[in-house]
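Structure, as structure tokens:
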Amino acid sequence: AAEKGGPDKPAVPFDPVKQFEHIGIWTAQKQPSERFVAATKVWVTDFQKHPYGVEWLRSDGPFKGPNPHIAFRVENIEKAAEAAQGLKCVSKPFDAGIARVAFYQTDDGAVVEFMEYPGGSAKTPPRQLQFDHIGLITTEKKPNETFVAATKVWVTDIAAHPYRVEWLRFEPDTPVQSPVRDQPHVAFRVDRIAEAAKGLKVLIEPFDAGIAKVGFYQTDDGAVVEFMEYYKKSKE
């Protein structure tokens, strides 16, 4: 808000790393402690209690796949959407209980949610890990893909995406199996993968992915998590 008699405060640049709130993933399975969002008739879990910011969504209708989205907390939805480029509104702002939210789609097809918490002040989740990106599976070729030989997958440039979305397109003979092969994942930057991965199921042991050493793991509730040890000159 503007100070009395003074000019408006300058807009704070959008920071997807600091403003990351959660990844939303649709599931056909009932989850513990679901709550019902009347506005959308969807059952959701509490992502704020999830150590990796995962929100599970479930509809009473037919399951159509994970259909993931990435959410960011903002001070004002309308201002954030106006400042953003290339966003198509797919759901106007509505009351989701804990926050006012709206959904948008990027030019490359990723679904983005903006969350405006009551009081005009977005709350920082008590998450210890630093968000890096979400990974989404696709069968479509994307501009400027690069090939990761170790896993035989084409990936897009995380740092070049305004919402830090990585698209993954696997070759038919990839050694990667489910769930990494067919589920979205959320990735975090860590100093030591071995330390961060304690207590999680190993899906893919750490390997050289070019920009970083990475490993894939699974949580007790089925979410896929990637931990990344960036090489010093590659941290973006």
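By order of appearance in the structure tokens: chains A, B, ..., then residues from 1 within every chain, and ligands from 1 in the order shown.
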Considering only C-alpha atoms, give me a table of residues in range 133-158 of chain A that are at most 8 Å from range 169-190 of chain A, with the closest atom pair and distance in Å for each, as a tab-separated table.
residue	atom	partner	partner_atom	distance
A:His133	CA	A:Ala187	CA	5.2
A:Ile134	CA	A:Val186	CA	4.4
A:Gly135	CA	A:His185	CA	5.0
A:Leu136	CA	A:Pro184	CA	4.9
A:Ile137	CA	A:Arg169	CA	6.2
A:Thr138	CA	A:Arg169	CA	5.3
A:Thr139	CA	A:Arg169	CA	5.6
A:Glu140	CA	A:Arg169	CA	7.1
A:Lys141	CA	A:Arg169	CA	7.2
A:Thr151	CA	A:Thr174	CA	5.9
A:Lys152	CA	A:Thr174	CA	5.0
A:Val153	CA	A:Phe170	CA	4.2
A:Trp154	CA	A:Arg169	CA	5.0
A:Val155	CA	A:Arg169	CA	6.5
Let me see the file: selected residues, N, CA, C and O atoms, as a PDB file, in the first residue's frame.
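Contents of selection_34.pdb, as written:
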ATOM      1  N   HIS A 133      12.987 -26.567  -8.502  1.00  0.00           N
ATOM      2  CA  HIS A 133      12.074 -26.634  -9.641  1.00  0.00           C
ATOM      3  C   HIS A 133      11.068 -27.762  -9.456  1.00  0.00           C
ATOM      4  O   HIS A 133      11.172 -28.546  -8.514  1.00  0.00           O
ATOM      5  N   ILE A 134      10.090 -27.817 -10.344  1.00  0.00           N
ATOM      6  CA  ILE A 134       9.265 -29.004 -10.454  1.00  0.00           C
ATOM      7  C   ILE A 134       9.520 -29.614 -11.826  1.00  0.00           C
ATOM      8  O   ILE A 134       9.840 -28.894 -12.788  1.00  0.00           O
ATOM      9  N   GLY A 135       9.437 -30.924 -11.912  1.00  0.00           N
ATOM     10  CA  GLY A 135       9.640 -31.618 -13.175  1.00  0.00           C
ATOM     11  C   GLY A 135       8.335 -32.216 -13.666  1.00  0.00           C
ATOM     12  O   GLY A 135       7.637 -32.900 -12.913  1.00  0.00           O
ATOM     13  N   LEU A 136       7.991 -31.943 -14.910  1.00  0.00           N
ATOM     14  CA  LEU A 136       6.746 -32.434 -15.496  1.00  0.00           C
ATOM     15  C   LEU A 136       7.049 -33.308 -16.707  1.00  0.00           C
ATOM     16  O   LEU A 136       7.894 -32.976 -17.535  1.00  0.00           O
ATOM     17  N   ILE A 137       6.352 -34.424 -16.811  1.00  0.00           N
ATOM     18  CA  ILE A 137       6.563 -35.368 -17.900  1.00  0.00           C
ATOM     19  C   ILE A 137       5.789 -34.913 -19.140  1.00  0.00           C
ATOM     20  O   ILE A 137       4.641 -34.475 -19.046  1.00  0.00           O
ATOM     21  N   THR A 138       6.425 -35.034 -20.298  1.00  0.00           N
ATOM     22  CA  THR A 138       5.768 -34.686 -21.551  1.00  0.00           C
ATOM     23  C   THR A 138       6.204 -35.643 -22.655  1.00  0.00           C
ATOM     24  O   THR A 138       7.268 -36.269 -22.561  1.00  0.00           O
ATOM     25  N   THR A 139       5.385 -35.763 -23.675  1.00  0.00           N
ATOM     26  CA  THR A 139       5.757 -36.541 -24.861  1.00  0.00           C
ATOM     27  C   THR A 139       6.050 -35.618 -26.034  1.00  0.00           C
ATOM     28  O   THR A 139       6.412 -36.079 -27.117  1.00  0.00           O
ATOM     29  N   GLU A 140       5.894 -34.309 -25.813  1.00  0.00           N
ATOM     30  CA  GLU A 140       6.108 -33.322 -26.865  1.00  0.00           C
ATOM     31  C   GLU A 140       7.533 -32.762 -26.823  1.00  0.00           C
ATOM     32  O   GLU A 140       8.071 -32.520 -25.744  1.00  0.00           O
ATOM     33  N   LYS A 141       8.118 -32.556 -27.986  1.00  0.00           N
ATOM     34  CA  LYS A 141       9.417 -31.909 -28.056  1.00  0.00           C
ATOM     35  C   LYS A 141       9.264 -30.456 -27.617  1.00  0.00           C
ATOM     36  O   LYS A 141       8.304 -29.787 -27.976  1.00  0.00           O
ATOM     37  N   THR A 151      20.258 -40.973 -18.172  1.00  0.00           N
ATOM     38  CA  THR A 151      18.878 -41.431 -18.021  1.00  0.00           C
ATOM     39  C   THR A 151      18.099 -41.438 -19.341  1.00  0.00           C
ATOM     40  O   THR A 151      16.917 -41.770 -19.358  1.00  0.00           O
ATOM     41  N   LYS A 152      18.785 -41.061 -20.430  1.00  0.00           N
ATOM     42  CA  LYS A 152      18.155 -41.020 -21.755  1.00  0.00           C
ATOM     43  C   LYS A 152      16.846 -40.232 -21.727  1.00  0.00           C
ATOM     44  O   LYS A 152      15.771 -40.722 -22.075  1.00  0.00           O
ATOM     45  N   VAL A 153      16.985 -38.986 -21.316  1.00  0.00           N
ATOM     46  CA  VAL A 153      15.835 -38.093 -21.238  1.00  0.00           C
ATOM     47  C   VAL A 153      16.227 -36.719 -21.754  1.00  0.00           C
ATOM     48  O   VAL A 153      17.350 -36.256 -21.555  1.00  0.00           O
ATOM     49  N   TRP A 154      15.312 -36.087 -22.459  1.00  0.00           N
ATOM     50  CA  TRP A 154      15.484 -34.711 -22.911  1.00  0.00           C
ATOM     51  C   TRP A 154      14.869 -33.792 -21.861  1.00  0.00           C
ATOM     52  O   TRP A 154      13.746 -34.016 -21.410  1.00  0.00           O
ATOM     53  N   VAL A 155      15.598 -32.759 -21.466  1.00  0.00           N
ATOM     54  CA  VAL A 155      15.108 -31.840 -20.441  1.00  0.00           C
ATOM     55  C   VAL A 155      15.236 -30.393 -20.917  1.00  0.00           C
ATOM     56  O   VAL A 155      16.117 -30.068 -21.706  1.00  0.00           O
TER      57      VAL A 155
END
Apply DSSP to the structure's backbone, then extract all residues of range 18-97 of chain A labelled helix (DSSP H, G or I) and return them as a PyMOL selection string. chain A and resi 18-19+47-49+77-83
With distances taken over only C-alpha atoms, which of A:Val17, A:Ala160, A:Val148, A:Leu129 is nearest to Ile193 in chain A? A:Leu129
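Here the question is which of A:Tyr217, A:Ala212, A:Pro143, A:Ala102 gets nearest to Gly199 in chain A using only C-alpha atoms, and that residue is A:Tyr217.
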Between CA of Asp95 in chain A and CA of Arg58 in chain A, what is the spacing in Å?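 Computed distance, CA of Arg58 in chain A to CA of Asp95 in chain A, equals 17.9 Å.
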For Asp191 in chain A, find every residue with an atom within 12 Å (counting only C-alpha atoms), except residues of its own chain fewer than 3 positions away, and show them as a PyMOL selection string. chain A and resi 129-130+188+194-197+212-214+227-232+235
Excluding range 78-87 of chain A and its own-chain neighbours fewer than 5 positions away, which residues fall within 6 Å of it when counting only C-alpha atoms? Please give them as a PyMOL selection string. chain A and resi 104-107
Computed interatomic separation between CA of Tyr163 in chain A and CA of Lys30 in chain A (Å):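 Going from CA of Tyr163 in chain A over to CA of Lys30 in chain A covers 28.9 Å.
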Taken to one decimal, the CA of His22 in chain A-CA of Gln48 in chain A distance is 8.1 Å
Identify, with DSSP run on backbone atoms, the residues in range 5-226 of chain A assigned to strand (DSSP E), and express the list as a PyMOL selection string. chain A and resi 20-26+35-37+42-44+54-58+69-73+88-95+100-105+111-116+130-137+146-148+153-155+165-170+185-189+201-208+212-218+224-226
With C-alpha atoms retained, export the selected residues as a PDB file, in the first residue's frame.
ATOM      1  CA  PHE A  20       7.276 -21.309  -4.032  1.00  0.00           C
ATOM      2  CA  GLU A  21       4.367 -22.632  -2.016  1.00  0.00           C
ATOM      3  CA  HIS A  22       3.617 -26.148  -3.209  1.00  0.00           C
ATOM      4  CA  ILE A  23       3.239 -28.623  -6.034  1.00  0.00           C
ATOM      5  CA  GLY A  24      -0.306 -29.895  -6.513  1.00  0.00           C
ATOM      6  CA  ILE A  25      -0.737 -33.453  -7.782  1.00  0.00           C
ATOM      7  CA  TRP A  26      -4.028 -35.173  -8.526  1.00  0.00           C
ATOM      8  CA  ARG A  35     -10.401 -31.316   3.523  1.00  0.00           C
ATOM      9  CA  PHE A  36     -13.116 -30.378   1.073  1.00  0.00           C
ATOM     10  CA  VAL A  37     -12.913 -27.126  -0.930  1.00  0.00           C
ATOM     11  CA  VAL A  42     -12.082 -31.019  -4.594  1.00  0.00           C
ATOM     12  CA  TRP A  43     -10.507 -32.844  -1.654  1.00  0.00           C
ATOM     13  CA  VAL A  44      -7.058 -31.476  -0.753  1.00  0.00           C
ATOM     14  CA  VAL A  54       3.179 -31.503  -1.809  1.00  0.00           C
ATOM     15  CA  GLU A  55      -0.573 -31.011  -2.043  1.00  0.00           C
ATOM     16  CA  TRP A  56      -2.625 -34.033  -3.053  1.00  0.00           C
ATOM     17  CA  LEU A  57      -5.911 -33.274  -4.807  1.00  0.00           C
ATOM     18  CA  ARG A  58      -8.770 -35.713  -5.321  1.00  0.00           C
ATOM     19  CA  HIS A  69       0.346 -27.464 -10.898  1.00  0.00           C
ATOM     20  CA  ILE A  70       2.899 -25.258  -9.155  1.00  0.00           C
ATOM     21  CA  ALA A  71       1.802 -22.650  -6.618  1.00  0.00           C
ATOM     22  CA  PHE A  72       3.377 -19.405  -5.470  1.00  0.00           C
ATOM     23  CA  ARG A  73       2.354 -17.032  -2.687  1.00  0.00           C
ATOM     24  CA  LYS A  88      -3.727 -17.386 -19.594  1.00  0.00           C
ATOM     25  CA  CYS A  89      -6.333 -17.275 -16.819  1.00  0.00           C
ATOM     26  CA  VAL A  90      -8.039 -20.652 -16.402  1.00  0.00           C
ATOM     27  CA  SER A  91      -9.731 -19.960 -13.063  1.00  0.00           C
ATOM     28  CA  LYS A  92     -10.650 -16.559 -11.674  1.00  0.00           C
ATOM     29  CA  PRO A  93      -9.753 -15.805  -8.032  1.00  0.00           C
ATOM     30  CA  PHE A  94     -11.857 -17.647  -5.465  1.00  0.00           C
ATOM     31  CA  ASP A  95     -11.844 -18.433  -1.752  1.00  0.00           C
ATOM     32  CA  ARG A 100      -7.659 -16.542  -2.112  1.00  0.00           C
ATOM     33  CA  VAL A 101      -6.332 -18.370  -5.173  1.00  0.00           C
ATOM     34  CA  ALA A 102      -6.406 -18.288  -8.967  1.00  0.00           C
ATOM     35  CA  PHE A 103      -5.055 -20.572 -11.674  1.00  0.00           C
ATOM     36  CA  TYR A 104      -3.230 -19.704 -14.897  1.00  0.00           C
ATOM     37  CA  GLN A 105      -1.518 -21.506 -17.748  1.00  0.00           C
ATOM     38  CA  VAL A 111      -0.418 -24.700 -14.728  1.00  0.00           C
ATOM     39  CA  VAL A 112       0.437 -22.002 -12.164  1.00  0.00           C
ATOM     40  CA  GLU A 113      -1.495 -21.082  -9.034  1.00  0.00           C
ATOM     41  CA  PHE A 114      -1.193 -17.729  -7.265  1.00  0.00           C
ATOM     42  CA  MET A 115      -2.130 -17.678  -3.573  1.00  0.00           C
ATOM     43  CA  GLU A 116      -3.032 -14.507  -1.714  1.00  0.00           C
ATOM     44  CA  GLN A 130      15.563 -24.502  -0.822  1.00  0.00           C
ATOM     45  CA  PHE A 131      13.182 -25.021  -3.722  1.00  0.00           C
ATOM     46  CA  ASP A 132      14.738 -25.477  -7.155  1.00  0.00           C
ATOM     47  CA  HIS A 133      12.074 -26.634  -9.641  1.00  0.00           C
ATOM     48  CA  ILE A 134       9.265 -29.004 -10.454  1.00  0.00           C
ATOM     49  CA  GLY A 135       9.640 -31.618 -13.175  1.00  0.00           C
ATOM     50  CA  LEU A 136       6.746 -32.434 -15.496  1.00  0.00           C
ATOM     51  CA  ILE A 137       6.563 -35.368 -17.900  1.00  0.00           C
ATOM     52  CA  THR A 146      19.215 -30.957 -23.831  1.00  0.00           C
ATOM     53  CA  PHE A 147      19.917 -34.673 -23.572  1.00  0.00           C
ATOM     54  CA  VAL A 148      20.897 -36.361 -20.306  1.00  0.00           C
ATOM     55  CA  VAL A 153      15.835 -38.093 -21.238  1.00  0.00           C
ATOM     56  CA  TRP A 154      15.484 -34.711 -22.911  1.00  0.00           C
ATOM     57  CA  VAL A 155      15.108 -31.840 -20.441  1.00  0.00           C
ATOM     58  CA  VAL A 165       9.350 -25.763 -14.578  1.00  0.00           C
ATOM     59  CA  GLU A 166      11.459 -28.510 -16.114  1.00  0.00           C
ATOM     60  CA  TRP A 167       9.919 -30.578 -18.894  1.00  0.00           C
ATOM     61  CA  LEU A 168      11.176 -34.167 -19.236  1.00  0.00           C
ATOM     62  CA  ARG A 169      10.753 -36.223 -22.412  1.00  0.00           C
ATOM     63  CA  PHE A 170      12.023 -39.780 -22.057  1.00  0.00           C
ATOM     64  CA  HIS A 185       8.590 -34.397  -9.098  1.00  0.00           C
ATOM     65  CA  VAL A 186       9.657 -31.510  -6.897  1.00  0.00           C
ATOM     66  CA  ALA A 187      13.359 -30.677  -6.605  1.00  0.00           C
ATOM     67  CA  PHE A 188      15.397 -28.985  -3.893  1.00  0.00           C
ATOM     68  CA  ARG A 189      18.981 -27.707  -3.701  1.00  0.00           C
ATOM     69  CA  LYS A 201      13.081 -44.642  -0.489  1.00  0.00           C
ATOM     70  CA  VAL A 202      15.801 -44.517  -3.151  1.00  0.00           C
ATOM     71  CA  LEU A 203      14.411 -44.416  -6.702  1.00  0.00           C
ATOM     72  CA  ILE A 204      17.555 -43.377  -8.603  1.00  0.00           C
ATOM     73  CA  GLU A 205      20.959 -43.254  -6.946  1.00  0.00           C
ATOM     74  CA  PRO A 206      22.842 -39.927  -7.327  1.00  0.00           C
ATOM     75  CA  PHE A 207      24.333 -39.385 -10.791  1.00  0.00           C
ATOM     76  CA  ASP A 208      25.858 -36.607 -12.915  1.00  0.00           C
ATOM     77  CA  ALA A 212      24.477 -30.922 -10.863  1.00  0.00           C
ATOM     78  CA  LYS A 213      24.711 -34.236  -9.113  1.00  0.00           C
ATOM     79  CA  VAL A 214      21.143 -35.412  -8.540  1.00  0.00           C
ATOM     80  CA  GLY A 215      19.236 -38.258  -6.928  1.00  0.00           C
ATOM     81  CA  PHE A 216      15.572 -39.228  -6.880  1.00  0.00           C
ATOM     82  CA  TYR A 217      13.630 -40.445  -3.862  1.00  0.00           C
ATOM     83  CA  GLN A 218      10.079 -41.242  -2.772  1.00  0.00           C
ATOM     84  CA  VAL A 224       8.782 -38.080  -5.960  1.00  0.00           C
ATOM     85  CA  VAL A 225      11.524 -35.763  -4.683  1.00  0.00           C
ATOM     86  CA  GLU A 226      14.791 -34.818  -6.373  1.00  0.00           C
TER      87      GLU A 226
END
